[in-house]
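Structure file structure04.cif (mmCIF, N, CA and C atoms) follows.
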data_input
loop_
_atom_site.label_atom_id
_atom_site.label_comp_id
_atom_site.auth_asym_id
_atom_site.auth_seq_id
_atom_site.Cartn_x
_atom_site.Cartn_y
_atom_site.Cartn_z
N MET A 26 -8.22 -3.43 20.10
CA MET A 26 -9.55 -3.98 19.90
C MET A 26 -10.43 -2.92 19.24
N ALA A 27 -11.28 -3.38 18.35
CA ALA A 27 -12.20 -2.47 17.66
C ALA A 27 -13.14 -1.83 18.68
N ILE A 28 -13.53 -0.58 18.41
CA ILE A 28 -14.37 0.16 19.36
C ILE A 28 -15.78 0.35 18.84
N SER A 29 -16.17 -0.38 17.82
CA SER A 29 -17.44 -0.17 17.18
C SER A 29 -17.94 -1.48 16.60
N VAL A 30 -19.14 -1.44 16.00
CA VAL A 30 -19.67 -2.62 15.33
C VAL A 30 -19.26 -2.64 13.86
N PHE A 31 -18.44 -1.68 13.45
CA PHE A 31 -17.87 -1.66 12.10
C PHE A 31 -16.44 -1.12 12.20
N SER A 32 -15.67 -1.35 11.17
CA SER A 32 -14.26 -0.93 11.18
C SER A 32 -14.13 0.57 10.94
N VAL A 33 -13.19 1.17 11.67
CA VAL A 33 -12.82 2.57 11.46
C VAL A 33 -11.30 2.62 11.25
N GLY A 34 -10.80 3.75 10.81
CA GLY A 34 -9.39 3.87 10.46
C GLY A 34 -8.43 3.47 11.56
N ARG A 35 -8.78 3.75 12.79
CA ARG A 35 -7.85 3.43 13.89
C ARG A 35 -7.77 1.95 14.19
N ASP A 36 -8.59 1.13 13.51
CA ASP A 36 -8.57 -0.31 13.72
C ASP A 36 -7.46 -1.01 12.94
N THR A 37 -6.65 -0.28 12.20
CA THR A 37 -5.59 -0.91 11.42
C THR A 37 -4.22 -0.37 11.80
N GLN A 38 -3.23 -1.23 11.70
CA GLN A 38 -1.83 -0.86 11.86
C GLN A 38 -1.09 -1.36 10.64
N LEU A 39 -0.10 -0.59 10.20
CA LEU A 39 0.64 -0.93 8.99
C LEU A 39 2.13 -0.96 9.29
N VAL A 40 2.81 -1.97 8.76
CA VAL A 40 4.24 -2.11 8.94
C VAL A 40 4.86 -2.29 7.56
N VAL A 41 5.87 -1.47 7.25
CA VAL A 41 6.58 -1.55 5.98
C VAL A 41 7.99 -2.06 6.27
N ILE A 42 8.38 -3.12 5.56
CA ILE A 42 9.72 -3.68 5.67
C ILE A 42 10.42 -3.45 4.35
N GLY A 43 11.38 -2.53 4.34
CA GLY A 43 12.14 -2.21 3.13
C GLY A 43 13.34 -3.12 2.97
N PRO A 44 14.11 -2.93 1.92
CA PRO A 44 15.30 -3.76 1.69
C PRO A 44 16.31 -3.68 2.83
N SER A 45 16.31 -2.58 3.59
CA SER A 45 17.27 -2.42 4.69
C SER A 45 16.62 -2.55 6.05
N GLY A 46 15.37 -2.99 6.12
CA GLY A 46 14.70 -3.16 7.40
C GLY A 46 13.42 -2.36 7.50
N ARG A 47 12.91 -2.27 8.71
CA ARG A 47 11.63 -1.61 8.96
C ARG A 47 11.70 -0.12 8.64
N ILE A 48 10.64 0.39 7.99
CA ILE A 48 10.53 1.81 7.68
C ILE A 48 9.39 2.37 8.52
N ASP A 49 9.72 3.21 9.47
CA ASP A 49 8.72 3.78 10.36
C ASP A 49 8.17 5.07 9.75
N LEU A 50 6.96 4.99 9.23
CA LEU A 50 6.31 6.14 8.62
C LEU A 50 5.69 6.99 9.72
N ALA A 51 6.11 8.25 9.81
CA ALA A 51 5.58 9.15 10.84
C ALA A 51 4.23 9.72 10.42
N HIS A 52 3.30 9.77 11.31
CA HIS A 52 2.03 10.47 11.15
C HIS A 52 1.23 10.02 9.91
N VAL A 53 0.95 8.73 9.83
CA VAL A 53 0.09 8.23 8.76
C VAL A 53 -1.34 8.69 9.05
N THR A 54 -1.95 9.40 8.11
CA THR A 54 -3.31 9.90 8.31
C THR A 54 -4.33 9.18 7.44
N GLY A 55 -3.86 8.38 6.50
CA GLY A 55 -4.78 7.65 5.64
C GLY A 55 -4.07 6.51 4.94
N PHE A 56 -4.82 5.47 4.62
CA PHE A 56 -4.29 4.32 3.88
C PHE A 56 -5.42 3.77 3.03
N ASP A 57 -5.11 3.46 1.78
CA ASP A 57 -6.10 2.79 0.95
C ASP A 57 -5.40 1.73 0.12
N SER A 58 -6.13 0.68 -0.21
CA SER A 58 -5.60 -0.36 -1.08
C SER A 58 -6.74 -0.91 -1.92
N ARG A 59 -6.38 -1.39 -3.09
CA ARG A 59 -7.39 -1.97 -3.98
C ARG A 59 -6.73 -3.03 -4.85
N GLN A 60 -7.53 -4.03 -5.18
CA GLN A 60 -7.05 -5.11 -6.03
C GLN A 60 -7.00 -4.64 -7.48
N VAL A 61 -5.97 -5.06 -8.18
CA VAL A 61 -5.84 -4.79 -9.62
C VAL A 61 -6.17 -6.09 -10.33
N THR A 62 -7.07 -6.02 -11.30
CA THR A 62 -7.43 -7.21 -12.06
C THR A 62 -7.48 -6.89 -13.55
N GLN A 63 -7.44 -7.93 -14.33
CA GLN A 63 -7.65 -7.80 -15.77
C GLN A 63 -8.95 -8.52 -16.09
N SER A 64 -9.88 -7.80 -16.67
CA SER A 64 -11.18 -8.37 -17.00
C SER A 64 -11.09 -9.19 -18.29
N VAL A 65 -11.71 -10.35 -18.26
CA VAL A 65 -11.85 -11.18 -19.46
C VAL A 65 -13.34 -11.42 -19.65
N ARG A 66 -13.85 -11.08 -20.81
CA ARG A 66 -15.27 -11.26 -21.10
C ARG A 66 -15.43 -12.11 -22.35
N VAL A 67 -16.41 -13.01 -22.31
CA VAL A 67 -16.70 -13.88 -23.45
C VAL A 67 -18.16 -13.70 -23.84
N ASN A 68 -18.37 -13.41 -25.09
CA ASN A 68 -19.71 -13.30 -25.68
C ASN A 68 -20.00 -14.60 -26.41
N ARG A 69 -20.71 -15.50 -25.76
CA ARG A 69 -20.99 -16.77 -26.41
C ARG A 69 -22.00 -16.60 -27.53
N LEU A 70 -21.92 -17.47 -28.51
CA LEU A 70 -22.84 -17.41 -29.64
C LEU A 70 -24.30 -17.61 -29.23
N ASP A 71 -24.51 -18.32 -28.10
CA ASP A 71 -25.88 -18.56 -27.65
C ASP A 71 -26.43 -17.37 -26.87
N GLY A 72 -25.67 -16.27 -26.78
CA GLY A 72 -26.14 -15.07 -26.11
C GLY A 72 -25.76 -14.97 -24.65
N ASN A 73 -25.26 -16.03 -24.07
CA ASN A 73 -24.84 -16.00 -22.67
C ASN A 73 -23.50 -15.29 -22.55
N GLN A 74 -23.36 -14.54 -21.46
CA GLN A 74 -22.13 -13.81 -21.18
C GLN A 74 -21.35 -14.54 -20.10
N MET A 75 -20.06 -14.55 -20.26
CA MET A 75 -19.19 -15.15 -19.26
C MET A 75 -18.13 -14.12 -18.89
N GLY A 76 -17.66 -14.19 -17.67
CA GLY A 76 -16.65 -13.23 -17.24
C GLY A 76 -15.68 -13.84 -16.25
N MET A 77 -14.53 -13.21 -16.17
CA MET A 77 -13.50 -13.64 -15.24
C MET A 77 -12.66 -12.41 -14.90
N GLU A 78 -12.15 -12.37 -13.69
CA GLU A 78 -11.23 -11.32 -13.26
C GLU A 78 -9.91 -11.99 -12.90
N LEU A 79 -8.85 -11.68 -13.64
CA LEU A 79 -7.53 -12.25 -13.39
C LEU A 79 -6.76 -11.35 -12.43
N PRO A 80 -6.31 -11.87 -11.30
CA PRO A 80 -5.57 -11.04 -10.33
C PRO A 80 -4.27 -10.53 -10.93
N LYS A 81 -4.02 -9.24 -10.79
CA LYS A 81 -2.81 -8.60 -11.30
C LYS A 81 -2.12 -7.76 -10.23
N GLY A 82 -2.35 -8.06 -8.96
CA GLY A 82 -1.66 -7.37 -7.88
C GLY A 82 -2.58 -6.47 -7.08
N TRP A 83 -1.96 -5.63 -6.26
CA TRP A 83 -2.65 -4.68 -5.40
C TRP A 83 -1.93 -3.35 -5.49
N GLU A 84 -2.68 -2.28 -5.36
CA GLU A 84 -2.09 -0.94 -5.34
C GLU A 84 -2.80 -0.10 -4.31
N GLY A 85 -2.17 0.97 -3.93
CA GLY A 85 -2.78 1.86 -2.95
C GLY A 85 -1.84 2.98 -2.58
N SER A 86 -2.14 3.60 -1.44
CA SER A 86 -1.32 4.74 -1.02
C SER A 86 -1.43 4.98 0.48
N PHE A 87 -0.41 5.68 0.96
CA PHE A 87 -0.38 6.19 2.32
C PHE A 87 -0.49 7.70 2.23
N GLU A 88 -1.31 8.30 3.06
CA GLU A 88 -1.33 9.75 3.22
C GLU A 88 -0.59 10.03 4.52
N LEU A 89 0.35 10.97 4.46
CA LEU A 89 1.22 11.25 5.59
C LEU A 89 1.27 12.73 5.90
N GLU A 90 1.47 13.06 7.15
CA GLU A 90 1.89 14.39 7.55
C GLU A 90 3.38 14.24 7.83
N ARG A 91 4.21 15.02 7.14
CA ARG A 91 5.66 14.84 7.25
C ARG A 91 6.13 15.08 8.68
N GLY A 92 6.73 14.07 9.27
CA GLY A 92 7.26 14.18 10.62
C GLY A 92 8.78 14.18 10.63
N ASP A 93 9.36 13.58 9.60
CA ASP A 93 10.82 13.52 9.47
C ASP A 93 11.14 13.16 8.02
N SER A 94 12.40 12.87 7.75
CA SER A 94 12.84 12.62 6.37
C SER A 94 12.78 11.15 5.96
N THR A 95 12.17 10.30 6.77
CA THR A 95 12.19 8.85 6.52
C THR A 95 11.72 8.50 5.11
N VAL A 96 10.58 9.01 4.69
CA VAL A 96 10.03 8.66 3.38
C VAL A 96 10.95 9.15 2.27
N GLU A 97 11.39 10.40 2.37
CA GLU A 97 12.28 10.95 1.33
C GLU A 97 13.61 10.21 1.29
N ASP A 98 14.13 9.82 2.46
CA ASP A 98 15.38 9.06 2.49
C ASP A 98 15.21 7.69 1.83
N PHE A 99 14.10 7.02 2.12
CA PHE A 99 13.82 5.71 1.54
C PHE A 99 13.71 5.80 0.03
N ILE A 100 12.91 6.75 -0.47
CA ILE A 100 12.75 6.92 -1.92
C ILE A 100 14.06 7.38 -2.55
N GLY A 101 14.78 8.28 -1.89
CA GLY A 101 16.06 8.76 -2.40
C GLY A 101 17.09 7.64 -2.54
N THR A 102 17.12 6.74 -1.57
CA THR A 102 18.04 5.60 -1.63
C THR A 102 17.69 4.69 -2.80
N THR A 103 16.39 4.43 -2.99
CA THR A 103 15.94 3.61 -4.12
C THR A 103 16.34 4.25 -5.45
N GLU A 104 16.13 5.56 -5.55
CA GLU A 104 16.47 6.28 -6.78
C GLU A 104 17.98 6.26 -7.02
N GLN A 105 18.75 6.49 -5.98
CA GLN A 105 20.20 6.50 -6.13
C GLN A 105 20.72 5.12 -6.53
N ASN A 106 20.13 4.07 -5.94
CA ASN A 106 20.51 2.70 -6.32
C ASN A 106 20.27 2.47 -7.81
N TYR A 107 19.18 2.98 -8.33
CA TYR A 107 18.88 2.84 -9.76
C TYR A 107 19.97 3.50 -10.60
N PHE A 108 20.32 4.73 -10.26
CA PHE A 108 21.32 5.45 -11.04
C PHE A 108 22.73 4.89 -10.86
N ASN A 109 22.97 4.19 -9.76
CA ASN A 109 24.26 3.54 -9.53
C ASN A 109 24.32 2.17 -10.19
N GLY A 110 23.21 1.73 -10.77
CA GLY A 110 23.17 0.41 -11.39
C GLY A 110 23.01 -0.72 -10.40
N THR A 111 22.60 -0.39 -9.19
CA THR A 111 22.39 -1.39 -8.15
C THR A 111 20.95 -1.88 -8.22
N ILE A 112 20.79 -3.17 -8.15
CA ILE A 112 19.44 -3.73 -8.18
C ILE A 112 18.83 -3.61 -6.79
N SER A 113 17.71 -2.90 -6.71
CA SER A 113 17.01 -2.77 -5.44
C SER A 113 16.03 -3.92 -5.27
N THR A 114 16.05 -4.52 -4.10
CA THR A 114 15.08 -5.56 -3.82
C THR A 114 13.76 -4.90 -3.42
N THR A 115 12.69 -5.64 -3.56
CA THR A 115 11.38 -5.10 -3.23
C THR A 115 11.16 -5.14 -1.72
N SER A 116 10.08 -4.53 -1.31
CA SER A 116 9.72 -4.46 0.11
C SER A 116 8.55 -5.38 0.40
N SER A 117 8.22 -5.49 1.67
CA SER A 117 7.03 -6.21 2.12
C SER A 117 6.22 -5.26 3.00
N MET A 118 4.95 -5.53 3.09
CA MET A 118 4.08 -4.72 3.93
C MET A 118 3.11 -5.63 4.67
N TYR A 119 2.78 -5.25 5.88
CA TYR A 119 1.83 -6.01 6.68
C TYR A 119 0.74 -5.06 7.18
N GLN A 120 -0.50 -5.52 7.09
CA GLN A 120 -1.63 -4.77 7.61
C GLN A 120 -2.31 -5.62 8.67
N TYR A 121 -2.44 -5.06 9.87
CA TYR A 121 -3.12 -5.72 10.97
C TYR A 121 -4.43 -5.00 11.23
N VAL A 122 -5.54 -5.75 11.20
CA VAL A 122 -6.86 -5.15 11.39
C VAL A 122 -7.49 -5.74 12.64
N SER A 123 -7.83 -4.88 13.59
CA SER A 123 -8.56 -5.31 14.79
C SER A 123 -10.03 -5.44 14.42
N GLU A 124 -10.52 -6.66 14.44
CA GLU A 124 -11.90 -6.94 14.05
C GLU A 124 -12.85 -6.68 15.21
N VAL A 125 -14.12 -6.47 14.90
CA VAL A 125 -15.09 -6.12 15.94
C VAL A 125 -15.30 -7.26 16.93
N ASP A 126 -14.99 -8.50 16.55
CA ASP A 126 -15.15 -9.63 17.47
C ASP A 126 -13.94 -9.82 18.38
N GLY A 127 -12.94 -8.91 18.27
CA GLY A 127 -11.75 -8.99 19.11
C GLY A 127 -10.58 -9.71 18.45
N SER A 128 -10.81 -10.37 17.34
CA SER A 128 -9.72 -11.05 16.64
C SER A 128 -8.91 -10.05 15.80
N THR A 129 -7.79 -10.51 15.28
CA THR A 129 -6.95 -9.68 14.42
C THR A 129 -6.76 -10.38 13.09
N SER A 130 -7.03 -9.66 12.01
CA SER A 130 -6.75 -10.17 10.67
C SER A 130 -5.42 -9.58 10.22
N THR A 131 -4.58 -10.43 9.63
CA THR A 131 -3.27 -10.00 9.16
C THR A 131 -3.16 -10.25 7.67
N TYR A 132 -2.73 -9.23 6.94
CA TYR A 132 -2.55 -9.32 5.49
C TYR A 132 -1.11 -8.98 5.15
N GLN A 133 -0.49 -9.79 4.31
CA GLN A 133 0.87 -9.54 3.85
C GLN A 133 0.84 -9.15 2.38
N TYR A 134 1.50 -8.04 2.07
CA TYR A 134 1.66 -7.59 0.69
C TYR A 134 3.08 -7.95 0.26
N ASP A 135 3.22 -8.68 -0.85
CA ASP A 135 4.52 -9.15 -1.33
C ASP A 135 5.04 -8.33 -2.50
N SER A 136 6.36 -8.30 -2.64
CA SER A 136 7.04 -7.65 -3.77
C SER A 136 6.52 -6.23 -3.98
N VAL A 137 6.59 -5.44 -2.92
CA VAL A 137 6.05 -4.08 -2.93
C VAL A 137 7.08 -3.10 -3.46
N VAL A 138 6.64 -2.22 -4.35
CA VAL A 138 7.46 -1.11 -4.83
C VAL A 138 6.70 0.18 -4.54
N PHE A 139 7.44 1.26 -4.30
CA PHE A 139 6.86 2.52 -3.88
C PHE A 139 7.26 3.66 -4.80
N HIS A 140 6.43 4.68 -4.85
CA HIS A 140 6.85 5.96 -5.41
C HIS A 140 6.17 7.09 -4.65
N LEU A 141 6.92 8.15 -4.47
CA LEU A 141 6.44 9.31 -3.72
C LEU A 141 5.69 10.21 -4.69
N SER A 142 4.37 10.09 -4.72
CA SER A 142 3.57 10.86 -5.68
C SER A 142 3.39 12.31 -5.26
N ASN A 143 3.60 12.60 -3.97
CA ASN A 143 3.55 13.98 -3.51
C ASN A 143 4.52 14.13 -2.34
N ALA A 144 5.60 14.87 -2.57
CA ALA A 144 6.59 15.09 -1.52
C ALA A 144 6.16 16.21 -0.57
N GLY A 145 5.09 16.93 -0.92
CA GLY A 145 4.54 17.93 -0.02
C GLY A 145 4.66 19.35 -0.52
N GLN A 146 3.77 20.18 0.01
CA GLN A 146 3.82 21.61 -0.25
C GLN A 146 4.18 22.30 1.06
N TRP A 147 5.17 23.16 0.98
CA TRP A 147 5.67 23.85 2.16
C TRP A 147 5.08 25.26 2.17
N ARG A 148 4.20 25.52 3.15
CA ARG A 148 3.52 26.82 3.23
C ARG A 148 3.41 27.28 4.68
N GLY A 149 3.94 28.42 4.96
CA GLY A 149 3.75 29.07 6.26
C GLY A 149 3.71 28.12 7.43
N ASP A 150 2.60 28.17 8.16
CA ASP A 150 2.42 27.33 9.34
C ASP A 150 1.63 26.06 9.07
N ALA A 151 1.43 25.70 7.81
CA ALA A 151 0.63 24.52 7.46
C ALA A 151 1.48 23.25 7.52
N ALA A 152 0.83 22.15 7.88
CA ALA A 152 1.49 20.85 7.87
C ALA A 152 1.82 20.46 6.44
N VAL A 153 2.90 19.71 6.28
CA VAL A 153 3.32 19.26 4.96
C VAL A 153 2.73 17.87 4.72
N LYS A 154 1.79 17.80 3.79
CA LYS A 154 1.12 16.54 3.46
C LYS A 154 1.87 15.84 2.34
N GLN A 155 2.07 14.53 2.52
CA GLN A 155 2.76 13.73 1.53
C GLN A 155 1.89 12.54 1.14
N LYS A 156 2.20 11.97 -0.03
CA LYS A 156 1.47 10.78 -0.47
C LYS A 156 2.47 9.78 -1.03
N LEU A 157 2.45 8.58 -0.49
CA LEU A 157 3.34 7.50 -0.90
C LEU A 157 2.49 6.40 -1.53
N ASP A 158 2.65 6.18 -2.83
CA ASP A 158 1.88 5.16 -3.55
C ASP A 158 2.67 3.86 -3.58
N PHE A 159 1.94 2.73 -3.70
CA PHE A 159 2.62 1.44 -3.77
C PHE A 159 1.92 0.52 -4.76
N PHE A 160 2.68 -0.47 -5.20
CA PHE A 160 2.15 -1.60 -5.97
C PHE A 160 2.74 -2.86 -5.36
N ALA A 161 1.91 -3.87 -5.17
CA ALA A 161 2.35 -5.16 -4.64
C ALA A 161 1.90 -6.26 -5.59
N SER A 162 2.72 -7.29 -5.72
CA SER A 162 2.36 -8.36 -6.64
C SER A 162 1.18 -9.17 -6.13
N ARG A 163 1.01 -9.23 -4.82
CA ARG A 163 -0.14 -9.96 -4.26
C ARG A 163 -0.35 -9.60 -2.80
N ARG A 164 -1.55 -9.90 -2.32
CA ARG A 164 -1.88 -9.73 -0.91
C ARG A 164 -2.42 -11.06 -0.41
N MET A 165 -1.91 -11.51 0.72
CA MET A 165 -2.34 -12.79 1.27
C MET A 165 -2.77 -12.61 2.71
N ARG A 166 -3.80 -13.34 3.09
CA ARG A 166 -4.18 -13.35 4.50
C ARG A 166 -3.26 -14.34 5.22
N MET A 167 -2.75 -13.91 6.32
CA MET A 167 -1.83 -14.77 7.10
C MET A 167 -2.59 -15.53 8.16
#
As a first step, turn the structure in this file into C-alpha cells.
Amino acid sequence: MAISVFSVGRDTQLVVIGPSGRIDLAHVTGFDSRQVTQSVRVNRLDGNQMGMELPKGWEGSFELERGDSTVEDFIGTTEQNYFNGTISTTSSMYQYVSEVDGSTSTYQYDSVVFHLSNAGQWRGDAAVKQKLDFFASRRMRM
C-alpha cells in the first residue's frame, strides 16, 4: 500500500518474463519508462495547426546494483543465440503500482527487447552499478 498522498519509488514492483521464464533482477535502484511517439503536424492553408502523436512503443531502463550474474547471463544468452542463428523470442514485463487509494494498477509491456547499456565499473570497495535498457512495442493497463 502507498505510504503517501503521492507515488514514490517503493510503490512499484517490476517483473520481467524472459524467453526462458522469470528473470529476477537483484537490487533494482531505479526504473524509468517513457512513451515513444512519432509527431505528425499539419499546417493548414487557413493558418490553423493540427497535430497528432502516433504511438511507436515504450522505452526505458532499470538501474541496478549488481548482486549476481543474472543480467549478464540473460544478455549473454540473447547474444549467443544471435550468433548461433537462433531466433530469440521477446520478453514481457509487468509493472505493479500501489496507488494512494489502496488499489493496484497493473501495466503489461509487450514484445520487450533489452540491451545492457552499462555492465558496470569495478572499483575497490564501490558497488557495481549497471543499467539495463529496454524497448517494448506497447504498454497496456491490465
What is the atom N of Thr115 (chain A) to atom C of Trp83 (chain A) distance in Å?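 Between atom N of Thr115 (chain A) and atom C of Trp83 (chain A) the gap is 14.9 Å.
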Residues of region 28-160 of chain A in strand (DSSP E or B), written as a ChimeraX atom specification: /A:37-43,46-48,53-68,74-90,116-123,129-143,154-160
Please expand the PyMOL selection byres ((chain A and resi 48-56) around 6.5) into the concrete residues it hits in this file, giving the result as a VMD selection string. chain A and resid 40 to 43 46 to 47 57 to 58 86 to 93 95 to 96
Mind dumping the selected residues with N, CA and C atoms as a short mmCIF file (atom, residue, chain, number, x, y, z; two decimals), keeping the file's coordinate frame?
data_model
loop_
_atom_site.label_atom_id
_atom_site.label_comp_id
_atom_site.auth_asym_id
_atom_site.auth_seq_id
_atom_site.Cartn_x
_atom_site.Cartn_y
_atom_site.Cartn_z
N VAL A 40 2.81 -1.97 8.76
CA VAL A 40 4.24 -2.11 8.94
C VAL A 40 4.86 -2.29 7.56
N VAL A 41 5.87 -1.47 7.25
CA VAL A 41 6.58 -1.55 5.98
C VAL A 41 7.99 -2.06 6.27
N ILE A 42 8.38 -3.12 5.56
CA ILE A 42 9.72 -3.68 5.67
C ILE A 42 10.42 -3.45 4.35
N GLY A 43 11.38 -2.53 4.34
CA GLY A 43 12.14 -2.21 3.13
C GLY A 43 13.34 -3.12 2.97
N GLY A 46 15.37 -2.99 6.12
CA GLY A 46 14.70 -3.16 7.40
C GLY A 46 13.42 -2.36 7.50
N ARG A 47 12.91 -2.27 8.71
CA ARG A 47 11.63 -1.61 8.96
C ARG A 47 11.70 -0.12 8.64
N ASP A 57 -5.11 3.46 1.78
CA ASP A 57 -6.10 2.79 0.95
C ASP A 57 -5.40 1.73 0.12
N SER A 58 -6.13 0.68 -0.21
CA SER A 58 -5.60 -0.36 -1.08
C SER A 58 -6.74 -0.91 -1.92
N SER A 86 -2.14 3.60 -1.44
CA SER A 86 -1.32 4.74 -1.02
C SER A 86 -1.43 4.98 0.48
N PHE A 87 -0.41 5.68 0.96
CA PHE A 87 -0.38 6.19 2.32
C PHE A 87 -0.49 7.70 2.23
N GLU A 88 -1.31 8.30 3.06
CA GLU A 88 -1.33 9.75 3.22
C GLU A 88 -0.59 10.03 4.52
N LEU A 89 0.35 10.97 4.46
CA LEU A 89 1.22 11.25 5.59
C LEU A 89 1.27 12.73 5.90
N GLU A 90 1.47 13.06 7.15
CA GLU A 90 1.89 14.39 7.55
C GLU A 90 3.38 14.24 7.83
N ARG A 91 4.21 15.02 7.14
CA ARG A 91 5.66 14.84 7.25
C ARG A 91 6.13 15.08 8.68
N GLY A 92 6.73 14.07 9.27
CA GLY A 92 7.26 14.18 10.62
C GLY A 92 8.78 14.18 10.63
N ASP A 93 9.36 13.58 9.60
CA ASP A 93 10.82 13.52 9.47
C ASP A 93 11.14 13.16 8.02
N THR A 95 12.17 10.30 6.77
CA THR A 95 12.19 8.85 6.52
C THR A 95 11.72 8.50 5.11
N VAL A 96 10.58 9.01 4.69
CA VAL A 96 10.03 8.66 3.38
C VAL A 96 10.95 9.15 2.27
#
Would you list the contacts of Val61 (chain A) as a list in words, taking every protein, DNA or RNA residue within 9 Å and counting only C-alpha atoms, but skipping same-chain residues closer than 6 positions in sequence? Leu79, Pro80, Lys81, Gly82, Trp83 and Glu84 of chain A
Residues matched by the PyMOL selection byres (((chain A and resi 131-141 and name CA) around 10) and name CA), written as an MDAnalysis selection string: chainID A and resid 37:43 82:87 96:97 99:101 103:104 113:123 128:130 142:145 155:167
Enter the distance from CA of Ser94 (chain A) to CA of Gly149 (chain A), in Å, rounded to one decimal.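 So the answer is 18.8 Å.
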Between CA of Asp98 (chain A) and CA of Lys154 (chain A), distance in Å (one decimal):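 A separation of 16.1 Å between them.
Within chain A, DSSP run on the backbone puts these residues in helix (DSSP H, G or I): Gly34, Arg35, Asp36, Thr95, Val96, Glu97, Asp98, Phe99, Ile100, Gly101, Thr102, Thr103, Glu104, Gln105, Asn106, Tyr107 and Phe108 of chain A.
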Determine the axis-aligned bounding box of all atoms of region 66-83 of chain A present in the file, pad each side by 4 Å, and express its centre and edge lengths in Å to one decimal place as AutoDock Vina command-line options.
--center_x -14.0 --center_y -11.0 --center_z -17.5 --size_x 32.8 --size_y 23.2 --size_z 32.2
Which of these residues is nearest to Ile112 (chain A), using only C-alpha atoms: A:Trp147, A:Pro44, A:Asn68, A:Asn73?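 Of A:Trp147, A:Pro44, A:Asn68, A:Asn73, the one nearest Ile112 (chain A) is A:Pro44, counting only C-alpha atoms.
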All heavy atoms restored at region 46-51 of chain A, emitted as a JSON list (two decimals), in the frame of the given file:
[["chain", "number", "residue", "atom", "x", "y", "z"],
["A", 46, "GLY", "N", 15.37, -2.99, 6.12],
["A", 46, "GLY", "CA", 14.70, -3.16, 7.40],
["A", 46, "GLY", "C", 13.42, -2.36, 7.50],
["A", 46, "GLY", "O", 12.92, -1.83, 6.50],
["A", 47, "ARG", "N", 12.91, -2.27, 8.71],
["A", 47, "ARG", "CA", 11.63, -1.61, 8.96],
["A", 47, "ARG", "C", 11.70, -0.12, 8.64],
["A", 47, "ARG", "O", 12.68, 0.55, 8.97],
["A", 47, "ARG", "CB", 11.22, -1.81, 10.41],
["A", 47, "ARG", "CG", 9.87, -1.24, 10.73],
["A", 47, "ARG", "CD", 9.48, -1.54, 12.16],
["A", 47, "ARG", "NE", 8.30, -0.78, 12.52],
["A", 47, "ARG", "CZ", 7.33, -1.26, 13.27],
["A", 47, "ARG", "NH1", 7.40, -2.48, 13.76],
["A", 47, "ARG", "NH2", 6.29, -0.52, 13.56],
["A", 48, "ILE", "N", 10.64, 0.39, 7.99],
["A", 48, "ILE", "CA", 10.53, 1.81, 7.68],
["A", 48, "ILE", "C", 9.39, 2.37, 8.52],
["A", 48, "ILE", "O", 8.23, 1.99, 8.33],
["A", 48, "ILE", "CB", 10.25, 2.02, 6.18],
["A", 48, "ILE", "CG1", 11.38, 1.43, 5.36],
["A", 48, "ILE", "CG2", 10.06, 3.50, 5.87],
["A", 48, "ILE", "CD1", 11.06, 1.25, 3.91],
["A", 49, "ASP", "N", 9.72, 3.21, 9.47],
["A", 49, "ASP", "CA", 8.72, 3.78, 10.36],
["A", 49, "ASP", "C", 8.17, 5.07, 9.75],
["A", 49, "ASP", "O", 8.84, 6.10, 9.75],
["A", 49, "ASP", "CB", 9.30, 4.05, 11.75],
["A", 49, "ASP", "CG", 9.66, 2.75, 12.47],
["A", 49, "ASP", "OD1", 8.84, 1.83, 12.44],
["A", 49, "ASP", "OD2", 10.76, 2.67, 13.03],
["A", 50, "LEU", "N", 6.96, 4.99, 9.23],
["A", 50, "LEU", "CA", 6.31, 6.14, 8.62],
["A", 50, "LEU", "C", 5.69, 6.99, 9.72],
["A", 50, "LEU", "O", 4.84, 6.52, 10.48],
["A", 50, "LEU", "CB", 5.23, 5.69, 7.63],
["A", 50, "LEU", "CG", 5.70, 4.79, 6.50],
["A", 50, "LEU", "CD1", 4.51, 4.33, 5.67],
["A", 50, "LEU", "CD2", 6.71, 5.51, 5.63],
["A", 51, "ALA", "N", 6.11, 8.25, 9.81],
["A", 51, "ALA", "CA", 5.58, 9.15, 10.84],
["A", 51, "ALA", "C", 4.23, 9.72, 10.42],
["A", 51, "ALA", "O", 4.05, 10.08, 9.25],
["A", 51, "ALA", "CB", 6.58, 10.29, 11.08]]
